[in-house]
>>> print(open('start_7.cif').read())   # mmCIF, C-alpha atoms and all ligand atoms
data_run
loop_
_atom_site.label_atom_id
_atom_site.label_comp_id
_atom_site.auth_asym_id
_atom_site.auth_seq_id
_atom_site.Cartn_x
_atom_site.Cartn_y
_atom_site.Cartn_z
CA MET A 235 118.94 126.24 179.67
CA ALA A 236 119.89 125.85 176.00
CA ASN A 237 120.61 122.37 174.68
CA LEU A 238 124.09 121.62 173.41
CA GLY A 239 124.29 120.15 169.92
CA VAL A 240 127.82 118.88 169.37
CA ASN A 241 128.97 119.13 165.75
CA ILE A 242 131.49 116.35 165.07
CA ASP A 243 132.34 117.29 161.46
CA HIS A 244 135.94 118.08 162.31
CA VAL A 245 136.61 114.66 163.78
CA ALA A 246 135.80 113.42 160.29
CA THR A 247 137.99 116.17 158.78
CA ILE A 248 141.03 114.55 160.42
CA ARG A 249 140.05 111.15 159.04
CA GLN A 250 139.42 112.41 155.52
CA ALA A 251 142.73 114.31 155.47
CA ARG A 252 144.52 110.94 155.24
CA GLY A 253 141.81 108.66 153.94
CA THR A 254 142.15 106.48 157.04
CA GLN A 255 139.38 104.75 159.01
CA TYR A 256 140.25 106.71 162.14
CA PRO A 257 139.22 108.77 163.99
CA ASP A 258 135.69 107.44 163.67
CA ALA A 259 132.97 110.09 163.78
CA VAL A 260 130.58 107.54 165.25
CA GLU A 261 132.90 106.76 168.19
CA ALA A 262 133.28 110.51 168.69
CA ALA A 263 129.53 110.96 168.79
CA VAL A 264 129.20 108.28 171.47
CA LEU A 265 131.87 110.00 173.59
CA ALA A 266 130.15 113.36 173.08
CA GLN A 267 126.94 111.75 174.32
CA LEU A 268 128.79 110.54 177.42
CA GLY A 269 130.07 114.07 177.97
CA GLY A 270 126.52 115.40 178.01
CA ALA A 271 125.72 116.36 174.41
CA ASP A 272 121.98 116.85 174.05
CA GLN A 273 122.17 116.34 170.31
CA ILE A 274 124.69 115.39 167.63
CA THR A 275 124.94 117.63 164.58
CA VAL A 276 126.62 116.69 161.31
CA HIS A 277 126.89 118.51 158.00
CA LEU A 278 126.86 116.14 155.03
CA ARG A 279 128.46 118.36 152.41
CA GLU A 280 128.04 117.84 148.70
CA ASP A 281 131.82 117.23 148.36
CA ARG A 282 131.91 114.84 151.40
CA ARG A 283 134.96 116.67 152.70
CA HIS A 284 134.35 115.47 156.26
CA ILE A 285 131.16 113.59 157.13
CA VAL A 286 130.32 110.80 154.65
CA ASP A 287 127.08 108.93 154.02
CA ARG A 288 128.17 105.94 156.09
CA ASP A 289 128.60 108.19 159.17
CA VAL A 290 125.08 109.55 158.88
CA ARG A 291 123.52 106.11 158.49
CA LEU A 292 125.46 104.61 161.40
CA LEU A 293 124.79 107.60 163.63
CA ARG A 294 121.09 107.20 162.98
CA SER A 295 121.11 103.70 164.41
CA VAL A 296 123.66 104.18 167.22
CA LEU A 297 122.73 107.50 168.82
CA GLN A 298 120.54 107.79 171.88
CA VAL A 299 120.27 111.57 171.55
CA PRO A 300 118.67 113.33 168.56
CA LEU A 301 120.55 113.61 165.25
CA ASN A 302 120.47 117.00 163.50
CA LEU A 303 121.44 116.69 159.84
CA GLU A 304 122.73 119.91 158.29
CA MET A 305 122.54 119.89 154.53
CA ALA A 306 122.13 121.96 151.41
CA CYS A 307 118.69 122.16 149.86
CA THR A 308 119.35 119.80 146.95
CA ALA A 309 117.49 116.81 145.54
CA GLU A 310 120.37 114.49 146.49
CA MET A 311 120.37 115.60 150.13
CA ILE A 312 116.60 115.50 150.46
CA LYS A 313 116.62 111.92 149.17
CA ILE A 314 119.24 110.94 151.77
CA ALA A 315 117.32 112.67 154.57
CA LEU A 316 114.12 110.85 153.61
CA GLU A 317 115.98 107.53 153.77
CA VAL A 318 117.92 108.18 156.98
CA LYS A 319 115.16 110.08 158.80
CA PRO A 320 117.23 112.23 161.17
CA ASP A 321 115.40 113.80 164.12
CA MET A 322 115.67 117.16 162.40
CA VAL A 323 117.18 118.77 159.32
CA THR A 324 118.88 122.16 159.22
CA LEU A 325 119.00 123.59 155.71
CA VAL A 326 122.18 125.58 155.11
CA PRO A 327 123.66 127.44 152.15
CA GLU A 328 126.64 125.65 150.65
CA LYS A 329 129.37 126.78 148.33
CA ARG A 330 131.97 124.30 147.18
CA GLU A 331 134.89 126.71 147.49
CA GLU A 332 134.08 127.99 151.01
CA ARG A 333 136.18 126.88 153.97
CA THR A 334 133.07 126.71 156.16
CA THR A 335 129.46 127.96 155.94
CA GLU A 336 129.85 131.66 155.32
CA GLY A 337 126.43 133.17 155.84
CA GLY A 338 122.77 132.48 156.40
CA LEU A 339 120.33 131.33 153.72
CA ASP A 340 118.79 133.84 151.35
CA VAL A 341 115.31 132.68 152.35
CA GLU A 342 113.34 135.38 150.53
CA GLY A 343 115.19 134.67 147.29
CA GLN A 344 114.46 130.92 147.45
CA ILE A 345 111.02 130.75 149.03
CA ALA A 346 109.63 128.19 146.59
CA LEU A 347 112.67 125.89 146.74
CA LEU A 348 112.91 126.01 150.54
CA SER A 349 109.14 125.67 151.11
CA ASP A 350 109.01 122.58 148.91
CA ALA A 351 111.94 120.99 150.76
CA VAL A 352 110.52 121.85 154.19
CA LYS A 353 107.11 120.47 153.29
CA THR A 354 108.54 117.27 151.80
CA LEU A 355 110.65 116.67 154.90
CA GLN A 356 107.85 117.57 157.31
CA ALA A 357 105.48 115.21 155.49
CA ALA A 358 107.98 112.44 156.28
CA GLY A 359 107.94 113.47 159.96
CA ILE A 360 111.25 115.37 159.88
CA PRO A 361 111.10 118.84 161.50
CA CYS A 362 113.09 121.56 159.69
CA SER A 363 115.27 124.45 160.70
CA LEU A 364 116.69 127.16 158.43
CA PHE A 365 120.15 128.60 159.05
CA ILE A 366 119.64 132.36 158.73
CA GLU A 367 121.11 135.73 159.63
CA PRO A 368 119.65 137.19 162.84
CA GLU A 369 117.41 139.61 160.93
CA LYS A 370 113.71 140.40 160.97
CA SER A 371 113.40 140.00 157.20
CA ALA A 372 114.91 136.49 157.32
CA ILE A 373 112.52 135.46 160.12
CA GLU A 374 109.54 136.81 158.21
CA ALA A 375 110.64 134.94 155.09
CA THR A 376 111.07 131.76 157.18
CA LEU A 377 107.44 132.02 158.28
CA LYS A 378 106.40 131.69 154.64
CA THR A 379 108.25 128.35 154.35
CA SER A 380 106.53 126.79 157.40
CA ALA A 381 109.89 125.75 158.94
CA GLN A 382 109.40 125.27 162.69
CA MET A 383 112.91 126.35 163.72
CA VAL A 384 115.70 128.74 162.77
CA GLU A 385 119.39 128.67 163.57
CA PHE A 386 120.90 132.13 163.82
CA HIS A 387 124.34 132.52 162.29
CA THR A 388 126.69 133.64 165.07
CA GLY A 389 129.72 133.89 162.78
CA ARG A 390 129.89 137.67 162.90
CA TYR A 391 129.37 137.74 166.69
CA SER A 392 132.33 135.35 166.97
CA GLU A 393 134.62 137.38 164.75
CA VAL A 394 134.23 140.85 166.28
CA ALA A 395 135.08 142.24 169.72
CA SER A 396 133.96 144.82 172.33
CA VAL A 397 131.34 147.32 171.13
CA GLU A 398 130.84 145.52 167.82
CA GLN A 399 130.26 142.26 169.64
CA GLN A 400 127.75 143.90 171.97
CA LYS A 401 125.85 145.18 168.94
CA GLU A 402 125.86 141.75 167.36
CA LEU A 403 124.68 140.17 170.61
CA GLN A 404 121.83 142.67 170.72
CA ARG A 405 120.92 141.82 167.12
CA ILE A 406 120.80 138.09 167.95
CA SER A 407 118.76 138.72 171.14
CA ILE A 408 116.17 140.77 169.24
CA ALA A 409 115.95 138.13 166.51
CA CYS A 410 115.57 135.39 169.12
CA ALA A 411 112.69 137.22 170.81
CA LEU A 412 110.97 137.80 167.48
CA ALA A 413 111.32 134.17 166.38
CA HIS A 414 109.90 133.00 169.72
CA GLU A 415 106.99 135.45 169.43
CA LYS A 416 106.20 134.10 165.96
CA GLY A 417 106.23 130.49 167.17
CA ILE A 418 109.59 129.56 165.64
CA ALA A 419 112.11 127.84 167.93
CA PRO A 420 115.40 129.80 167.94
CA HIS A 421 118.78 128.07 167.77
CA ALA A 422 122.25 129.50 167.18
CA GLY A 423 125.64 128.39 165.99
CA HIS A 424 128.88 128.96 164.15
CA GLY A 425 132.13 130.12 165.70
CA LEU A 426 130.93 129.70 169.29
CA ASN A 427 133.73 128.84 171.70
CA TYR A 428 134.58 128.59 175.40
CA ARG A 429 135.09 132.35 175.69
CA ASN A 430 132.10 133.68 173.80
CA VAL A 431 129.34 131.13 174.41
CA SER A 432 127.98 132.42 177.74
CA HIS A 433 126.34 135.61 176.43
CA ILE A 434 124.59 133.66 173.69
CA ALA A 435 123.51 130.90 176.10
CA ARG A 436 121.93 133.56 178.36
CA ILE A 437 119.58 134.89 175.66
CA PRO A 438 115.97 134.15 176.71
CA HIS A 439 114.19 131.44 174.67
CA MET A 440 117.41 130.21 173.06
CA GLN A 441 116.73 126.52 172.55
CA ASP A 442 119.77 124.83 170.94
CA LEU A 443 123.39 125.82 170.42
CA ASN A 444 125.30 123.88 167.75
CA ILE A 445 129.03 123.96 168.43
CA GLY A 446 131.77 122.06 166.65
CA HIS A 447 135.20 123.44 165.87
CA SER A 448 136.06 124.77 169.34
CA ILE A 449 134.97 121.55 171.06
CA VAL A 450 136.90 119.26 168.69
CA ALA A 451 139.95 121.54 168.96
CA ARG A 452 139.86 121.34 172.76
CA ALA A 453 139.28 117.60 172.59
CA VAL A 454 142.70 117.18 170.95
CA LEU A 455 144.20 118.43 174.22
CA VAL A 456 141.83 117.23 176.95
CA GLY A 457 139.73 114.48 175.36
CA LEU A 458 136.29 114.77 173.81
CA GLU A 459 134.19 113.78 176.78
CA ARG A 460 135.82 116.45 178.95
CA ALA A 461 135.69 119.07 176.20
CA VAL A 462 131.94 118.50 175.81
CA ARG A 463 131.36 118.53 179.57
CA GLU A 464 133.22 121.83 179.94
CA MET A 465 131.09 123.44 177.21
CA LYS A 466 127.93 122.04 178.75
CA ASP A 467 128.92 123.51 182.15
CA LEU A 468 129.45 126.94 180.59
CA ILE A 469 125.98 126.81 179.04
CA ARG A 470 124.42 125.54 182.27
CA ASN A 471 126.07 128.26 184.37
CA ALA A 472 125.53 131.10 181.87
N1 LIG B 501 125.69 125.45 162.70
C1 LIG B 501 125.80 125.41 161.35
C2 LIG B 501 124.57 125.61 160.53
C3 LIG B 501 127.05 125.16 160.73
O1 LIG B 501 127.13 125.13 159.39
C4 LIG B 501 128.17 124.93 161.55
C5 LIG B 501 129.48 124.60 160.91
O2 LIG B 501 129.38 123.38 160.25
C6 LIG B 501 128.00 124.96 162.94
C7 LIG B 501 126.76 125.24 163.49
C8 LIG B 501 129.15 124.72 163.88
O3 LIG B 501 130.08 125.75 163.72
P1 LIG B 501 131.48 125.66 164.44
O4 LIG B 501 132.18 124.45 163.92
O5 LIG B 501 132.15 126.95 164.07
O6 LIG B 501 131.21 125.55 165.92
#
>>> encode(input="start_7.cif", output="structure tokens", more="lines below")
Ligand code: PXP
Amino acid sequence: MANLGVNIDHVATIRQARGTQYPDAVEAAVLAQLGGADQITVHLREDRRHIVDRDVRLLRSVLQVPLNLEMACTAEMIKIALEVKPDMVTLVPEKREERTTEGGLDVEGQIALLSDAVKTLQAAGIPCSLFIEPEKSAIEATLKTSAQMVEFHTGRYSEVASVEQQKELQRISIACALAHEKGIAPHAGHGLNYRNVSHIARIPHMQDLNIGHSIVARAVLVGLERAVREMKDLIRNA
């Protein structure tokens, strides 16, 4: 069964929209833990539009489940990761003007930059994952960086329907099998929700699913603990 990483960025989005102290991302993480989250995922963006440094530092000391820090591959973020020491780092592409992460990393085009970051983090005992498109070329490029994990971008799978979605599912399944064969742990995330998660959760060797927006959106209506538990049940029963 895949682990559920609950991304709580959008709890912080509500807070930052008004510059208030509530809702607290740390309280949300504790409730997500109670609901059965296997991991908490946060994306510390360069513009601090949702998660802020204080959240990451507090989460590090409060959480009983692993903390996955998503971040851009920049000197500033690497410095923070080395100080905070999350249980793992996921390197993601980041553009200031994007509404959310729009695609996987161009690993081949940034081999030196990514390899250096991965090695620096690994030397400090922090395992690394690269957020990539579910493609053979991206997996092969990842191997050159020595990252131990990849997270496949499921954005396209989440946006399309019927035959197109089947094709995308097939693409992710093939990529997952290849990553596993090459000794890289496969994860997936972006755009997964209560209606589309089961097919992805059923893919053999899929290790972690990182899900945020749909869980936080449901939490507004039913509460966070229940929203997490319902997602966890879907993954368990997939
Ligand atoms: N994984 C990565 C690498 C992401 O950038 C995001 C969005 O921050 C997610 C997972 C979660 O995506 P969503 O909020 O659409 O579930």
>>> closest_residue(input="start_7.cif", among="A:Ile373, A:Ile314, A:Leu403, A:Val431", to="Arg291 (chain A)", atoms="all atoms listed in the file")
A:Ile314
>>> residues_near_point(input="start_7.cif", point="(122.7, 131.2, 156.1)", cutoff="12 Å", atoms="all atoms listed in the file", output="PyMOL selection string")
chain A and resi 304-307+324-329+334-342+344+363-369+372-373+376+384-390+422-424
>>> closest_residue(input="start_7.cif", among="A:Glu393, A:Asp289, A:Asp467, A:Glu459", to="ligand LIG 501 (chain B)", atoms="only C-alpha atoms and all ligand atoms")
A:Glu393
>>> atom_distance(input="start_7.cif", atom1="CA of Met383 (chain A)", atom2="CA of Asn444 (chain A)")
13.3 Å
>>> residues_around(input="start_7.cif", residues="Ile434 (chain A)", least_positions_apart="5", cutoff="9 Å", atoms="all atoms listed in the file", output="list in words")
Thr388, Leu403, Ile406, Ser407, Ala422, Leu426, Met440, Leu443, Ile469 and Ala472 of chain A
